[in-house]
Structures are given as C-alpha cells and as structure tokens.
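Coordinates from model.txt are shown below (compact mmCIF, C-alpha atoms and all ligand atoms).
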```txt
# COMPACT_ATOMS: atom_id res chain seq x y z
CA MET A 1 -10.53 34.01 3.94
CA PRO A 2 -9.48 34.64 7.53
CA THR A 3 -6.43 36.56 8.61
CA ILE A 4 -5.89 36.67 12.35
CA SER A 5 -3.72 39.38 13.82
CA LEU A 6 -1.64 38.70 16.89
CA ALA A 7 -1.04 42.00 18.69
CA LEU A 8 2.28 42.25 20.53
CA GLY A 9 3.39 45.83 19.87
CA GLU A 10 6.37 45.86 17.54
CA ARG A 11 6.35 42.04 17.47
CA SER A 12 2.77 41.90 16.10
CA TYR A 13 2.09 39.72 13.06
CA ASP A 14 -0.58 38.29 10.80
CA ILE A 15 -1.60 34.65 10.51
CA HIS A 16 -3.08 33.96 7.07
CA VAL A 17 -5.31 30.87 6.86
CA GLU A 18 -6.35 30.12 3.31
CA ASN A 19 -6.67 27.06 1.09
CA GLY A 20 -3.94 27.53 -1.55
CA ALA A 21 -1.96 30.05 0.56
CA LEU A 22 1.30 28.21 -0.20
CA ASP A 23 1.39 29.81 -3.65
CA ARG A 24 1.12 33.26 -2.05
CA THR A 25 4.06 32.72 0.35
CA GLY A 26 6.23 35.34 -1.38
CA GLU A 27 3.50 37.96 -1.35
CA PHE A 28 2.73 37.41 2.36
CA ALA A 29 6.45 37.46 3.23
CA TYR A 30 6.97 40.71 1.32
CA ARG A 31 3.91 42.31 2.97
CA ALA A 32 5.37 41.36 6.37
CA GLY A 33 8.52 43.35 5.59
CA LEU A 34 10.82 40.42 4.88
CA ASP A 35 13.39 40.94 2.19
CA GLY A 36 16.42 39.54 0.34
CA LYS A 37 17.94 36.16 1.13
CA ILE A 38 15.64 33.63 2.76
CA ALA A 39 16.74 30.18 3.96
CA VAL A 40 13.83 27.75 3.63
CA ILE A 41 14.29 25.03 6.24
CA THR A 42 12.18 21.92 5.74
CA ASP A 43 12.35 18.14 6.22
CA SER A 44 12.93 15.16 3.96
CA CYS A 45 9.23 14.29 3.79
CA VAL A 46 7.88 17.80 3.16
CA ALA A 47 10.59 18.91 0.68
CA PRO A 48 9.43 16.76 -2.27
CA LEU A 49 5.80 17.65 -1.58
CA TYR A 50 5.81 21.42 -1.13
CA ALA A 51 9.28 23.04 -1.38
CA GLU A 52 9.08 23.78 -5.11
CA ARG A 53 5.84 25.77 -4.80
CA VAL A 54 7.22 27.79 -1.90
CA MET A 55 10.55 28.49 -3.61
CA LYS A 56 8.76 29.56 -6.79
CA SER A 57 6.44 31.89 -4.95
CA LEU A 58 9.35 33.45 -3.04
CA GLU A 59 11.37 33.93 -6.23
CA SER A 60 8.40 35.54 -7.99
CA ALA A 61 8.17 38.05 -5.14
CA GLY A 62 11.86 38.98 -5.56
CA PHE A 63 13.40 36.87 -2.76
CA MET A 64 16.62 34.85 -3.13
CA PRO A 65 15.67 31.55 -1.46
CA SER A 66 17.98 28.65 -0.56
CA LEU A 67 16.70 25.22 0.52
CA HIS A 68 17.91 23.30 3.60
CA VAL A 69 16.55 19.84 4.37
CA VAL A 70 16.76 17.87 7.65
CA ASN A 71 15.64 14.28 8.26
CA ALA A 72 11.91 14.06 9.03
CA GLY A 73 10.93 13.34 12.63
CA GLU A 74 11.31 14.42 16.25
CA ALA A 75 14.90 13.08 16.44
CA SER A 76 16.03 16.05 14.30
CA LYS A 77 14.98 18.56 16.96
CA ASN A 78 18.33 18.66 18.73
CA MET A 79 21.36 20.86 19.38
CA LEU A 80 23.66 19.09 16.93
CA GLN A 81 21.14 19.50 14.11
CA ALA A 82 20.77 23.19 15.02
CA GLN A 83 24.54 23.67 14.88
CA GLU A 84 24.84 21.84 11.53
CA LEU A 85 22.10 24.02 10.05
CA CYS A 86 23.78 27.19 11.32
CA SER A 87 27.00 26.16 9.57
CA GLU A 88 25.05 25.42 6.39
CA LEU A 89 23.42 28.86 6.50
CA VAL A 90 26.81 30.58 6.92
CA ARG A 91 28.11 28.63 3.92
CA ALA A 92 25.02 29.68 1.95
CA GLY A 93 25.93 33.32 2.61
CA LEU A 94 22.99 34.19 4.86
CA ASP A 95 23.96 37.30 6.83
CA ARG A 96 22.14 39.53 9.33
CA THR A 97 19.95 40.99 6.59
CA GLY A 98 18.62 37.51 5.75
CA CYS A 99 15.69 35.59 7.17
CA ILE A 100 14.41 32.04 7.61
CA ALA A 101 11.23 30.26 6.52
CA ALA A 102 10.15 27.13 8.45
CA LEU A 103 8.26 24.86 6.05
CA GLY A 104 6.88 21.74 7.75
CA GLY A 105 5.48 20.42 10.99
CA GLY A 106 6.18 21.41 14.57
CA VAL A 107 9.64 19.85 14.50
CA VAL A 108 10.82 22.06 11.64
CA GLY A 109 9.00 25.07 13.10
CA ASP A 110 10.57 24.72 16.55
CA LEU A 111 14.03 23.95 15.15
CA ALA A 112 14.10 26.64 12.45
CA GLY A 113 12.56 29.16 14.86
CA PHE A 114 15.25 28.35 17.43
CA ILE A 115 17.96 28.87 14.81
CA ALA A 116 16.37 32.19 13.81
CA SER A 117 16.51 33.25 17.47
CA ILE A 118 20.27 32.62 17.80
CA TYR A 119 21.74 32.91 14.28
CA TYR A 120 23.84 36.09 14.12
CA ARG A 121 22.17 36.88 17.50
CA GLY A 122 18.73 36.68 15.94
CA ILE A 123 17.17 37.21 12.52
CA PRO A 124 13.50 37.32 11.44
CA PHE A 125 11.62 34.20 10.40
CA MET A 126 8.29 33.09 9.00
CA GLN A 127 6.24 29.96 9.66
CA ILE A 128 4.69 27.87 6.87
CA PRO A 129 3.14 25.00 8.85
CA THR A 130 2.06 21.80 7.08
CA THR A 131 0.79 19.51 9.89
CA VAL A 132 -2.28 19.82 12.10
CA VAL A 133 -0.07 20.33 15.18
CA ALA A 134 1.76 23.15 13.45
CA GLN A 135 -1.34 24.77 11.89
CA VAL A 136 -3.49 24.80 15.02
CA ASP A 137 -0.72 25.35 17.55
CA SER A 138 3.07 25.40 17.11
CA SER A 139 3.43 27.99 14.31
CA VAL A 140 1.80 30.63 16.51
CA GLY A 141 3.15 32.14 19.71
CA GLY A 142 6.91 32.17 19.31
CA LYS A 143 7.96 29.23 21.47
CA THR A 144 11.02 27.75 19.76
CA ALA A 145 13.19 24.96 21.14
CA VAL A 146 15.18 21.78 20.77
CA ASN A 147 15.06 18.68 22.97
CA ILE A 148 17.90 17.32 25.10
CA PRO A 149 18.04 13.81 26.62
CA GLU A 150 16.88 15.20 29.97
CA GLY A 151 13.59 16.47 28.54
CA LYS A 152 11.49 18.11 25.86
CA ASN A 153 12.09 21.68 24.69
CA LEU A 154 14.59 22.39 27.46
CA VAL A 155 16.79 24.63 25.31
CA GLY A 156 15.02 27.36 23.40
CA ALA A 157 13.87 30.94 23.17
CA PHE A 158 10.76 33.03 22.71
CA HIS A 159 11.10 34.42 19.18
CA GLN A 160 7.95 35.52 17.37
CA PRO A 161 7.61 34.91 13.62
CA SER A 162 7.08 37.91 11.31
CA VAL A 163 4.17 36.17 9.56
CA VAL A 164 2.45 32.76 9.51
CA VAL A 165 1.13 31.32 6.23
CA ILE A 166 -1.28 28.42 6.73
CA ASP A 167 -2.49 26.40 3.75
CA PRO A 168 -4.92 23.77 5.11
CA THR A 169 -4.90 21.85 1.80
CA THR A 170 -1.36 20.64 2.65
CA LEU A 171 -2.97 18.42 5.30
CA VAL A 172 -4.37 16.06 2.64
CA THR A 173 -0.97 14.34 2.29
CA LEU A 174 -0.72 13.51 6.01
CA ASP A 175 -1.22 9.95 7.22
CA ARG A 176 -3.96 9.00 9.71
CA ARG A 177 -1.62 8.87 12.72
CA THR A 178 -0.16 12.34 12.11
CA LEU A 179 -3.61 13.85 11.49
CA ALA A 180 -4.92 12.35 14.72
CA GLU A 181 -2.00 13.42 16.89
CA GLY A 182 -2.41 16.98 15.63
CA LEU A 183 -6.09 17.01 16.51
CA ALA A 184 -5.09 16.25 20.12
CA GLU A 185 -3.84 19.86 20.38
CA ALA A 186 -7.19 21.10 19.03
CA VAL A 187 -8.98 19.00 21.67
CA LYS A 188 -6.69 20.68 24.21
CA HIS A 189 -7.85 24.12 23.02
CA ALA A 190 -11.46 22.97 23.26
CA ALA A 191 -10.89 21.56 26.74
CA ILE A 192 -9.37 24.75 28.14
CA LYS A 193 -11.31 27.46 26.26
CA ASP A 194 -14.11 26.36 23.93
CA ALA A 195 -15.98 23.15 24.71
CA SER A 196 -18.33 23.78 21.77
CA MET A 197 -15.50 22.66 19.46
CA LEU A 198 -15.52 19.11 20.91
CA HIS A 199 -18.49 17.97 18.85
CA GLU A 200 -16.94 19.06 15.54
CA LEU A 201 -13.61 17.46 16.42
CA LYS A 202 -15.28 14.19 17.35
CA GLY A 203 -17.02 14.22 13.96
CA LEU A 204 -13.64 14.15 12.19
CA GLY A 205 -12.90 10.69 13.66
CA PRO A 206 -14.52 8.60 10.89
CA GLU A 207 -12.73 10.62 8.18
CA LEU A 208 -9.21 10.05 9.48
CA SER A 209 -8.63 6.67 7.82
CA ILE A 210 -10.37 7.46 4.53
CA GLY A 211 -9.05 11.02 4.17
CA PHE A 212 -10.83 14.34 4.64
CA SER A 213 -13.94 14.84 2.52
CA LEU A 214 -14.19 17.89 0.26
CA ASN A 215 -16.74 19.29 2.68
CA THR A 216 -14.26 18.98 5.56
CA ILE A 217 -11.43 20.52 3.53
CA ALA A 218 -13.69 23.48 2.83
CA ARG A 219 -14.36 23.82 6.58
CA LEU A 220 -10.72 23.42 7.69
CA PRO A 221 -9.75 27.11 7.42
CA ASP A 222 -12.55 27.94 9.85
CA LEU A 223 -11.62 25.19 12.33
CA ILE A 224 -7.93 26.10 12.16
CA SER A 225 -8.72 29.79 12.56
CA ARG A 226 -10.75 29.12 15.71
CA ASN A 227 -7.77 27.31 17.21
CA VAL A 228 -5.30 29.97 16.12
CA ALA A 229 -7.53 32.68 17.58
CA ILE A 230 -7.70 30.89 20.96
CA LYS A 231 -3.93 30.63 21.06
CA ALA A 232 -3.33 34.17 19.76
CA ARG A 233 -5.52 35.75 22.45
CA ILE A 234 -3.69 33.80 25.17
CA VAL A 235 -0.24 34.71 23.82
CA GLU A 236 -1.21 38.40 23.55
CA ASN A 237 -2.00 38.40 27.26
CA ASP A 238 1.00 36.44 28.51
CA GLU A 239 3.66 36.18 25.81
CA LEU A 240 6.42 34.87 28.09
CA GLU A 241 4.24 32.58 30.27
CA THR A 242 4.76 34.56 33.47
CA LEU A 243 1.13 35.19 34.49
CA ASP A 244 -0.51 31.74 34.70
CA ILE A 245 -2.40 32.52 31.47
CA ARG A 246 -0.20 30.98 28.77
CA ALA A 247 0.55 28.00 31.02
CA LEU A 248 -3.05 26.84 30.36
CA LEU A 249 -1.86 25.86 26.86
CA ASN A 250 0.21 23.26 28.69
CA PHE A 251 -2.91 21.25 29.65
CA GLY A 252 -1.94 17.57 29.31
CA HIS A 253 1.72 18.45 28.73
CA THR A 254 3.27 17.91 32.19
CA ILE A 255 2.75 14.15 32.15
CA GLY A 256 2.55 14.16 28.33
CA HIS A 257 6.08 15.54 27.94
CA GLY A 258 7.24 13.06 30.61
CA ILE A 259 5.86 10.17 28.55
CA GLU A 260 7.24 11.56 25.26
CA ALA A 261 10.74 11.85 26.77
CA ALA A 262 10.60 8.46 28.56
CA VAL A 263 11.11 6.64 25.23
CA PRO A 264 13.40 7.55 22.30
CA TYR A 265 12.12 10.82 20.75
CA GLY A 266 9.63 10.15 17.95
CA THR A 267 8.44 6.78 19.27
CA ILE A 268 5.35 8.34 20.78
CA LEU A 269 4.27 11.39 18.75
CA HIS A 270 3.84 14.69 20.59
CA GLY A 271 0.05 14.80 20.21
CA GLU A 272 -0.26 11.15 21.27
CA ALA A 273 1.68 11.90 24.45
CA VAL A 274 -0.51 14.96 25.04
CA ALA A 275 -3.64 12.79 24.65
CA LEU A 276 -2.31 10.46 27.36
CA GLY A 277 -1.31 13.47 29.46
CA MET A 278 -4.84 14.90 29.10
CA ARG A 279 -6.36 11.64 30.32
CA ALA A 280 -4.11 11.85 33.39
CA ALA A 281 -4.97 15.52 33.89
CA LEU A 282 -8.71 14.77 33.59
CA PHE A 283 -8.32 12.08 36.29
CA LEU A 284 -6.69 14.65 38.59
CA SER A 285 -9.21 17.37 37.62
CA GLU A 286 -12.11 15.16 38.76
CA ARG A 287 -10.43 14.55 42.11
CA LYS A 288 -8.90 17.97 42.80
CA ALA A 289 -10.76 20.60 40.78
CA GLY A 290 -14.40 19.47 40.83
CA LEU A 291 -14.58 18.49 37.16
CA SER A 292 -17.78 16.49 36.60
CA SER A 293 -17.42 12.96 35.26
CA SER A 294 -19.74 13.85 32.37
CA ASP A 295 -17.44 16.70 31.26
CA ALA A 296 -14.37 14.48 31.68
CA ASN A 297 -16.09 11.79 29.59
CA LYS A 298 -17.04 14.24 26.86
CA ILE A 299 -13.35 15.06 26.36
CA LEU A 300 -12.21 11.44 26.68
CA ARG A 301 -14.81 10.27 24.13
CA THR A 302 -13.56 12.91 21.67
CA LEU A 303 -9.97 11.66 22.04
CA GLN A 304 -11.25 8.10 21.67
CA ALA A 305 -13.19 8.95 18.48
CA LEU A 306 -9.93 10.28 17.02
CA GLU A 307 -8.33 6.92 17.91
CA LEU A 308 -5.68 8.59 20.03
CA PRO A 309 -3.81 6.37 22.51
CA LEU A 310 -5.29 6.60 25.99
CA VAL A 311 -3.54 3.63 27.57
CA LEU A 312 0.18 3.78 28.40
CA PRO A 313 2.20 1.41 26.15
CA ASP A 314 3.87 -1.50 27.98
CA GLY A 315 7.43 -1.01 29.13
CA ILE A 316 7.14 2.61 30.27
CA ASP A 317 7.57 2.74 34.02
CA THR A 318 6.03 5.38 36.23
CA ALA A 319 9.34 6.36 37.86
CA THR A 320 10.91 7.23 34.48
CA VAL A 321 7.93 9.36 33.45
CA LEU A 322 8.01 11.14 36.81
CA GLN A 323 11.74 11.72 36.51
CA LYS A 324 11.26 13.32 33.07
CA THR A 325 8.49 15.59 34.39
CA ALA A 326 10.94 16.93 36.99
CA SER A 327 12.46 19.22 34.34
CA ASP A 328 9.06 20.73 33.41
CA LYS A 329 9.37 24.49 32.99
CA LYS A 330 6.22 24.99 35.08
CA PHE A 331 8.09 24.03 38.26
CA ARG A 332 8.70 27.03 40.55
CA ALA A 333 10.84 26.41 43.64
CA GLY A 334 10.03 22.71 43.57
CA THR A 335 6.26 23.14 43.15
CA ILE A 336 4.59 22.08 39.92
CA ARG A 337 1.99 24.46 38.52
CA PHE A 338 -0.37 21.81 37.16
CA VAL A 339 -3.14 22.66 34.68
CA LEU A 340 -6.53 21.28 35.76
CA LEU A 341 -10.07 21.73 34.41
CA SER A 342 -13.00 22.78 36.60
CA LYS A 343 -15.38 22.42 33.62
CA ALA A 344 -15.03 21.49 29.97
CA GLY A 345 -13.79 24.80 28.52
CA GLU A 346 -12.49 26.21 31.83
CA ALA A 347 -8.95 25.66 33.07
CA GLY A 348 -6.84 26.90 35.96
CA ILE A 349 -3.51 26.31 37.66
CA SER A 350 -3.15 24.21 40.80
CA THR A 351 -0.10 24.25 43.06
CA LYS A 352 -1.51 21.37 45.12
CA ILE A 353 -0.58 18.44 42.88
CA THR A 354 2.07 16.27 44.50
CA ARG A 355 4.48 13.74 43.07
CA GLU A 356 2.26 11.02 44.55
CA ASP A 357 -0.81 12.48 42.79
CA MET A 358 1.06 12.43 39.50
CA ALA A 359 2.22 8.84 40.10
CA GLU A 360 -1.40 7.80 40.74
CA ALA A 361 -2.54 9.52 37.53
CA ILE A 362 0.21 7.79 35.52
CA GLU A 363 -0.83 4.43 37.01
CA GLU A 364 -4.44 5.19 35.97
CA LEU A 365 -3.18 5.29 32.37
CA ARG A 366 -2.53 1.54 32.57
CA ARG A 367 -6.25 0.85 33.08
CA PRO A 368 -8.15 0.17 29.83
CA LEU A 369 -10.94 2.65 29.14
CA ASP A 370 -14.43 1.18 28.84
N1 LIG B 1 6.20 25.71 19.69
C1 LIG B 1 5.02 25.31 20.09
O1 LIG B 1 4.21 26.08 20.56
C2 LIG B 1 4.63 23.87 19.89
C3 LIG B 1 3.28 23.49 20.01
C4 LIG B 1 2.93 22.16 19.78
C5 LIG B 1 3.92 21.23 19.41
N2 LIG B 1 5.21 21.64 19.31
C6 LIG B 1 6.25 20.70 18.89
O2 LIG B 1 5.92 20.23 17.59
C7 LIG B 1 6.49 18.95 17.38
C8 LIG B 1 5.47 18.00 16.78
O3 LIG B 1 5.04 18.54 15.56
P1 LIG B 1 4.41 17.63 14.41
O4 LIG B 1 3.44 16.73 15.04
O5 LIG B 1 3.99 18.53 13.34
O6 LIG B 1 5.64 16.71 13.99
P2 LIG B 1 6.60 16.72 12.72
O7 LIG B 1 7.05 18.07 12.40
O8 LIG B 1 7.63 15.68 12.98
O9 LIG B 1 5.64 16.22 11.55
C9 LIG B 1 5.14 14.92 11.59
C10 LIG B 1 5.48 14.13 10.30
O10 LIG B 1 4.68 14.62 9.24
C11 LIG B 1 5.49 14.91 8.11
N3 LIG B 1 4.80 15.96 7.37
C12 LIG B 1 4.74 17.27 7.68
N4 LIG B 1 3.88 17.89 6.87
C13 LIG B 1 3.39 16.97 6.03
C14 LIG B 1 2.43 16.99 4.99
N5 LIG B 1 1.74 18.09 4.70
N6 LIG B 1 2.17 15.84 4.31
C15 LIG B 1 2.81 14.68 4.66
N7 LIG B 1 3.70 14.59 5.65
C16 LIG B 1 3.98 15.72 6.33
C17 LIG B 1 6.83 15.27 8.68
O11 LIG B 1 7.84 15.08 7.72
C18 LIG B 1 6.93 14.30 9.85
O12 LIG B 1 7.40 13.06 9.39
C19 LIG B 1 6.99 18.48 18.74
O13 LIG B 1 8.38 18.61 18.77
C20 LIG B 1 6.34 19.45 19.71
O14 LIG B 1 7.11 19.61 20.87
C21 LIG B 1 5.58 22.94 19.53
O1 LIG B 2 2.54 27.64 23.14
C1 LIG B 2 2.45 27.20 24.29
O2 LIG B 2 2.58 27.95 25.29
C2 LIG B 2 2.18 25.77 24.52
O3 LIG B 2 2.25 25.32 25.65
C3 LIG B 2 1.82 24.92 23.36
C4 LIG B 2 2.16 23.45 23.53
O4 LIG B 2 1.26 22.71 22.72
C5 LIG B 2 3.57 23.11 23.05
O5 LIG B 2 3.75 21.71 23.06
C6 LIG B 2 4.70 23.79 23.77
O6 LIG B 2 5.92 23.63 23.09
C7 LIG B 2 4.91 23.29 25.16
O7 LIG B 2 5.59 24.26 25.85
P1 LIG B 2 6.73 23.96 26.91
O8 LIG B 2 7.04 25.30 27.45
O9 LIG B 2 6.16 23.02 27.93
O10 LIG B 2 7.87 23.38 26.16
ZN ZN B 3 1.92 20.65 22.57
```
Since I need it in another form, could you write the structure as structure tokens?
Ligand SMILES: NC(=O)c1ccc[n+]([C@@H]2O[C@H](COP(=O)([O-])OP(=O)(O)OC[C@H]3O[C@@H](n4cnc5c(N)ncnc54)[C@H](O)[C@@H]3O)[C@@H](O)[C@H]2O)c1
Ligand SMILES: O=C(O)C(=O)C[C@@H](O)[C@H](O)[C@H](O)COP(=O)(O)O
Ligand SMILES: [Zn+2]
Amino acid sequence: MPTISLALGERSYDIHVENGALDRTGEFAYRAGLDGKIAVITDSCVAPLYAERVMKSLESAGFMPSLHVVNAGEASKNMLQAQELCSELVRAGLDRTGCIAALGGGVVGDLAGFIASIYYRGIPFMQIPTTVVAQVDSSVGGKTAVNIPEGKNLVGAFHQPSVVVIDPTTLVTLDRRTLAEGLAEAVKHAAIKDASMLHELKGLGPELSIGFSLNTIARLPDLISRNVAIKARIVENDELETLDIRALLNFGHTIGHGIEAAVPYGTILHGEAVALGMRAALFLSERKAGLSSSDANKILRTLQALELPLVLPDGIDTATVLQKTASDKKFRAGTIRFVLLSKAGEAGISTKITREDMAEAIEELRRPLD
C-alpha cells in the first residue's frame, strides 16, 4: 500500500494511505518519533465512530492518550474553541513533551494543528483524516488555522504534521453531501495539475447517493494517493506560499472563501464554496487566460456529475462576497494574485483581475448552467 514521503528537510514526514490504517495509528506514530502523552482531538460525530480504535492502537504502542471532543462542524473552527481546548489540555497534564493527534475532517485538522502550533509555543502533531477533504487535501501541507468573522483561515500558522495516517475505509460513513464537497478539492487538483483524473472523478457521481461500491473502495487508496502526491510535490517546492507555486492550490478559493464567509460558517460547506469559486474562476480563465470552452466544460461537467452547487444560493449579494474576498491572503499591496487556468491541468497566477472582473464572475454564478 502506498506511503508518500513529503521532503522538507528536518520537517519531512510520511503519509500512509492504507485501507485499515486506523488500527495501525500507534505503530505509525511511534515510527514517526512521537512518544508519551498524546491528546486525541476529534469531533462529536467522529468520536463515536472511530475514537475507540485509535485510542486502542495508541495504547497498544505504549502511548498515554487522552480524548478531547469538540462539536462537529465549521463553527467550531474559532479562537474561543482553540482557547478552551488549550485549557483542557493543560488540565489533562499535557506538557512540552506531549503531542496531539487530529482525528476527523478538515475542521478538526486545522483546529488541532493550530493548537499544536501555539500550545507551549509549539508541540508535534499527527493527522488522522476521516473526510475526503481531509484525506485528499487538508491533512497534508501544514496549513493550520481558525476562522474569524472577517474571513476564513485568517488566524493560523504553518506547522507540519509529523506523520499522516489515512484510512480510506473511514469514508464509508460519510453522507452524500460531505463526500461530494470533498471531491471538489480533488477536482481542483485535477484542474490545476492532472486533467486525466477528471474522468475517474466524474465516474464517482452515480455512487455518491448509494454509497461507494467495493470496487471503488478498493481503488480509493490509489485515487487519494494521486491527490496527496500532487499536493506534496507543490508543498515541497513552496512550503510557505511565497513563490506563486503553492498559491495554485488556491484555485477556486478566492471567490469560494468569499462565498463561504458571506453566510454563517457551515451553511455552505468548504468544498461546495470551492466548486462555486471554480465556476467563477473558469469564467475568468476563458476571458483572461485563453482557456478553451471545451476544457472549461470538461471541469464544469465533472462538478455537475458530483452534484456540487454551481449556482449561487439566493440571498447572497455580490458586495458581501467581494468584501469577504478583500481579506484573501493572496492580496499583495492591494493586488489580488488570482489563480486562472490556461488549459485543463495547467494553472498560473494573474495580477490583472480587478474587483469589477470578480463582481462579473460572481454575477455569472446566478445564471443557471445548461
Ligand atoms: N489546511 C488545509 O490545507 C485545508 C485544505 C482544505 C480544506 N481545509 C479546511 O477544512 C475544512 C473542511 O473540512 P471538511 O469538509 O472535512 O469538514 P468537517 O471537518 O466539518 O467534516 C465534515 C462533517 O463530516 C463529519 N465526519 C468527519 N469524518 C466522518 C466520517 N468518517 N464519517 C461520518 N462523518 C464524518 C464531521 O463530523 C463533520 O460533521 C474547512 O474549514 C476548510 O477551510 C483546510
Ligand atoms: O494547502 C494549500 O495551500 C491550499 O490552498 C489548500 C486549500 O484547499 C485550503 O482550503 C487552504 O486552507 C486554503 O488556504 P488559505 O491560505 O487561502 O487559507
Ligand atoms: Zn480548500
């Protein structure tokens, strides 16, 4: 089964992708050099499903785990929750020799990773992702953050995990909506780096409402590994997003994050907002970066097959979305570095996209797709 290594000098780590890997958590943590007390942070939905197996595996490998549960959902990714968890960890006796395990989706991963980056000025952590978003994207690369009312992920740190343990079989307990929103991030990887993945992703559409077939479950480690490898190679070359390489992973996110933050957090799921943001970015790519309409359609049809939202819900006004995009971390001296596609599988950064261009692209999202 695949193990992908992410090479970042002394911050290098392995990403294990294996059906059943959850029961080897302790072994993988030990092999990564983790030791002693480990605070397993998870959410109220994941805890009853998977915490026991993880705790058991950690105990068998000689760890002393404690369990810490937050409410499921995007609303938990905030400063107050981070502070409450820090207090809980102090009370549980976790000191500088301890470490953290993030068991859950991207919310738990970003929140627990952020805590690991600041707790006692930083302790090691591991990622045990259980959603598609987290397995194909958020558990890898070391971006950790919480949201504030002004925008998504505006308070955070780069803090790489010591190891990532991905068990694709955990995805079988996800509902259709959460599966689909996660696949939006895989479509993003296909759109920026590997258009050959689009066909396979589109084929998953019919399985979303009936559940993954055994054949698909058997193929998941390979599909997840391809996504992880795309992200790992990008992160290796631009860990801190300073070279216009890592920013490509933000395709669909400028307007996507604006939409996600324009309504109460959790109303529109992250991947759903990214799907809408990708439609807007495809519109701009056709006009400003020479993307052919057939390539744009290939990506749109994939998102459509996954039943992702491509039309802006009523009640979200363009000015609010634009205002939320103003805090995007890709702004430099007032200029947005906008990710556009020149071809399916080829992305670049444009500094030519204006506020008016973005407003036009957001308006386009009100038009039904044929
Ligand atoms: N750091 C990064 O690089 C990065 C990348 C992409 C997304 N993100 C962040 O990730 C977050 C979205 O992540 P998400 O979509 O995983 O959301 P999430 O963590 O809220 O998970 C979605 C829902 O699925 C439930 N769940 C998790 N695993 C489950 C399982 N196996 N079975 C049943 N239910 C399960 C959760 O309890 C939650 O209710 C956003 O905050 C986004 O900003 C970060
Ligand atoms: O890892 C990255 O880099 C990404 O851009 C991955 C995105 O899918 C993810 O949503 C990320 O958190 C967005 O980054 P941000 O810097 O815009 O918060
Ligand atoms: Zn994302």
Could I get the residue neighbourhood of ligand ZN 3 (chain B) at 8 Å, counting only C-alpha atoms and all ligand atoms, as a compact mmCIF listing (two decimals) with C-alpha atoms, in the frame of the given file?
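As a result, out.txt now contains:
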```txt
# COMPACT_ATOMS: atom_id res chain seq x y z
CA VAL A 133 -0.07 20.33 15.18
CA ASP A 137 -0.72 25.35 17.55
CA SER A 138 3.07 25.40 17.11
CA GLU A 185 -3.84 19.86 20.38
CA LEU A 249 -1.86 25.86 26.86
CA ASN A 250 0.21 23.26 28.69
CA HIS A 253 1.72 18.45 28.73
CA HIS A 270 3.84 14.69 20.59
CA GLY A 271 0.05 14.80 20.21
CA VAL A 274 -0.51 14.96 25.04
```
query: If I put a ball of radius 12 Å at (9.0, 7.8, 41.1) in the file's coordinates, which residues poke into it when counting all atoms listed in the file, written as a list in words?
result: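 It turns out the residues near that spot are Gly258, Asp317, Thr318, Ala319, Thr320, Val321, Leu322, Gln323, Lys324, Thr325, Ala326, Thr354, Arg355, Glu356, Asp357, Met358, Ala359, Glu360, Ile362 and Glu363 of chain A.
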Could you give me the axis-aligned bounding box of ligand LIG 2 (chain B), with 4 Å of padding per side, as centre plus edge lengths in Å to one decimal, as AutoDock Vina command-line options?
```
--center_x 4.6 --center_y 24.8 --center_z 25.3 --size_x 14.6 --size_y 14.2 --size_z 13.2
```
query: atom CA of Pro309 of chain A to atom CA of Ala273 of chain A: how many Å, to one decimal?
result: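 Atom CA of Ala273 of chain A lies at a distance of 8.0 Å from atom CA of Pro309 of chain A.
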message: What residues of the protein or nucleic acid chains come within 10 Å of ligand LIG 2 (chain B) when you use only C-alpha atoms and all ligand atoms? Reply as a PyMOL selection string.
response: chain A and resi 106+110+133-134+136-147+151-158+182+184-186+188-189+231-232+234-235+238-241+245-254+256-257+270-271+274+327-330
query: Between atom CA of Leu341 of chain A and atom CA of Leu179 of chain A, what is the distance, to one decimal in Å?
result: 25.1 Å
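Here the question is which of A:Ala305, A:Ala75, A:Ser285, A:Leu243 gets nearest to Leu269 of chain A using only C-alpha atoms, and that residue is A:Ala75.
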Per residue of segment 40-105 of chain A within 12 Å of segment 25-28 of chain A, which atom pair is closest and at what distance in Å (one decimal), using all atoms listed in the file, listed by chain and increasing number, as a tab-separated table?
```
residue	atom	partner	partner_atom	distance
A:Val40	CA	A:Thr25	CA	11.4
A:Tyr50	CA	A:Thr25	CA	11.5
A:Ala51	CA	A:Thr25	CA	11.1
A:Glu52	CA	A:Thr25	CA	11.6
A:Arg53	CA	A:Thr25	CA	8.8
A:Val54	CA	A:Thr25	CA	6.3
A:Met55	CA	A:Gly26	CA	8.4
A:Lys56	CA	A:Gly26	CA	8.3
A:Ser57	CA	A:Gly26	CA	5.0
A:Leu58	CA	A:Gly26	CA	4.0
A:Glu59	CA	A:Gly26	CA	7.2
A:Ser60	CA	A:Gly26	CA	7.0
A:Ala61	CA	A:Gly26	CA	5.0
A:Gly62	CA	A:Gly26	CA	7.9
A:Phe63	CA	A:Gly26	CA	7.5
A:Met64	CA	A:Gly26	CA	10.5
A:Pro65	CA	A:Gly26	CA	10.2
A:Ala101	CA	A:Thr25	CA	9.8
A:Ala102	CA	A:Thr25	CA	11.6
A:Leu103	CA	A:Thr25	CA	10.6
```
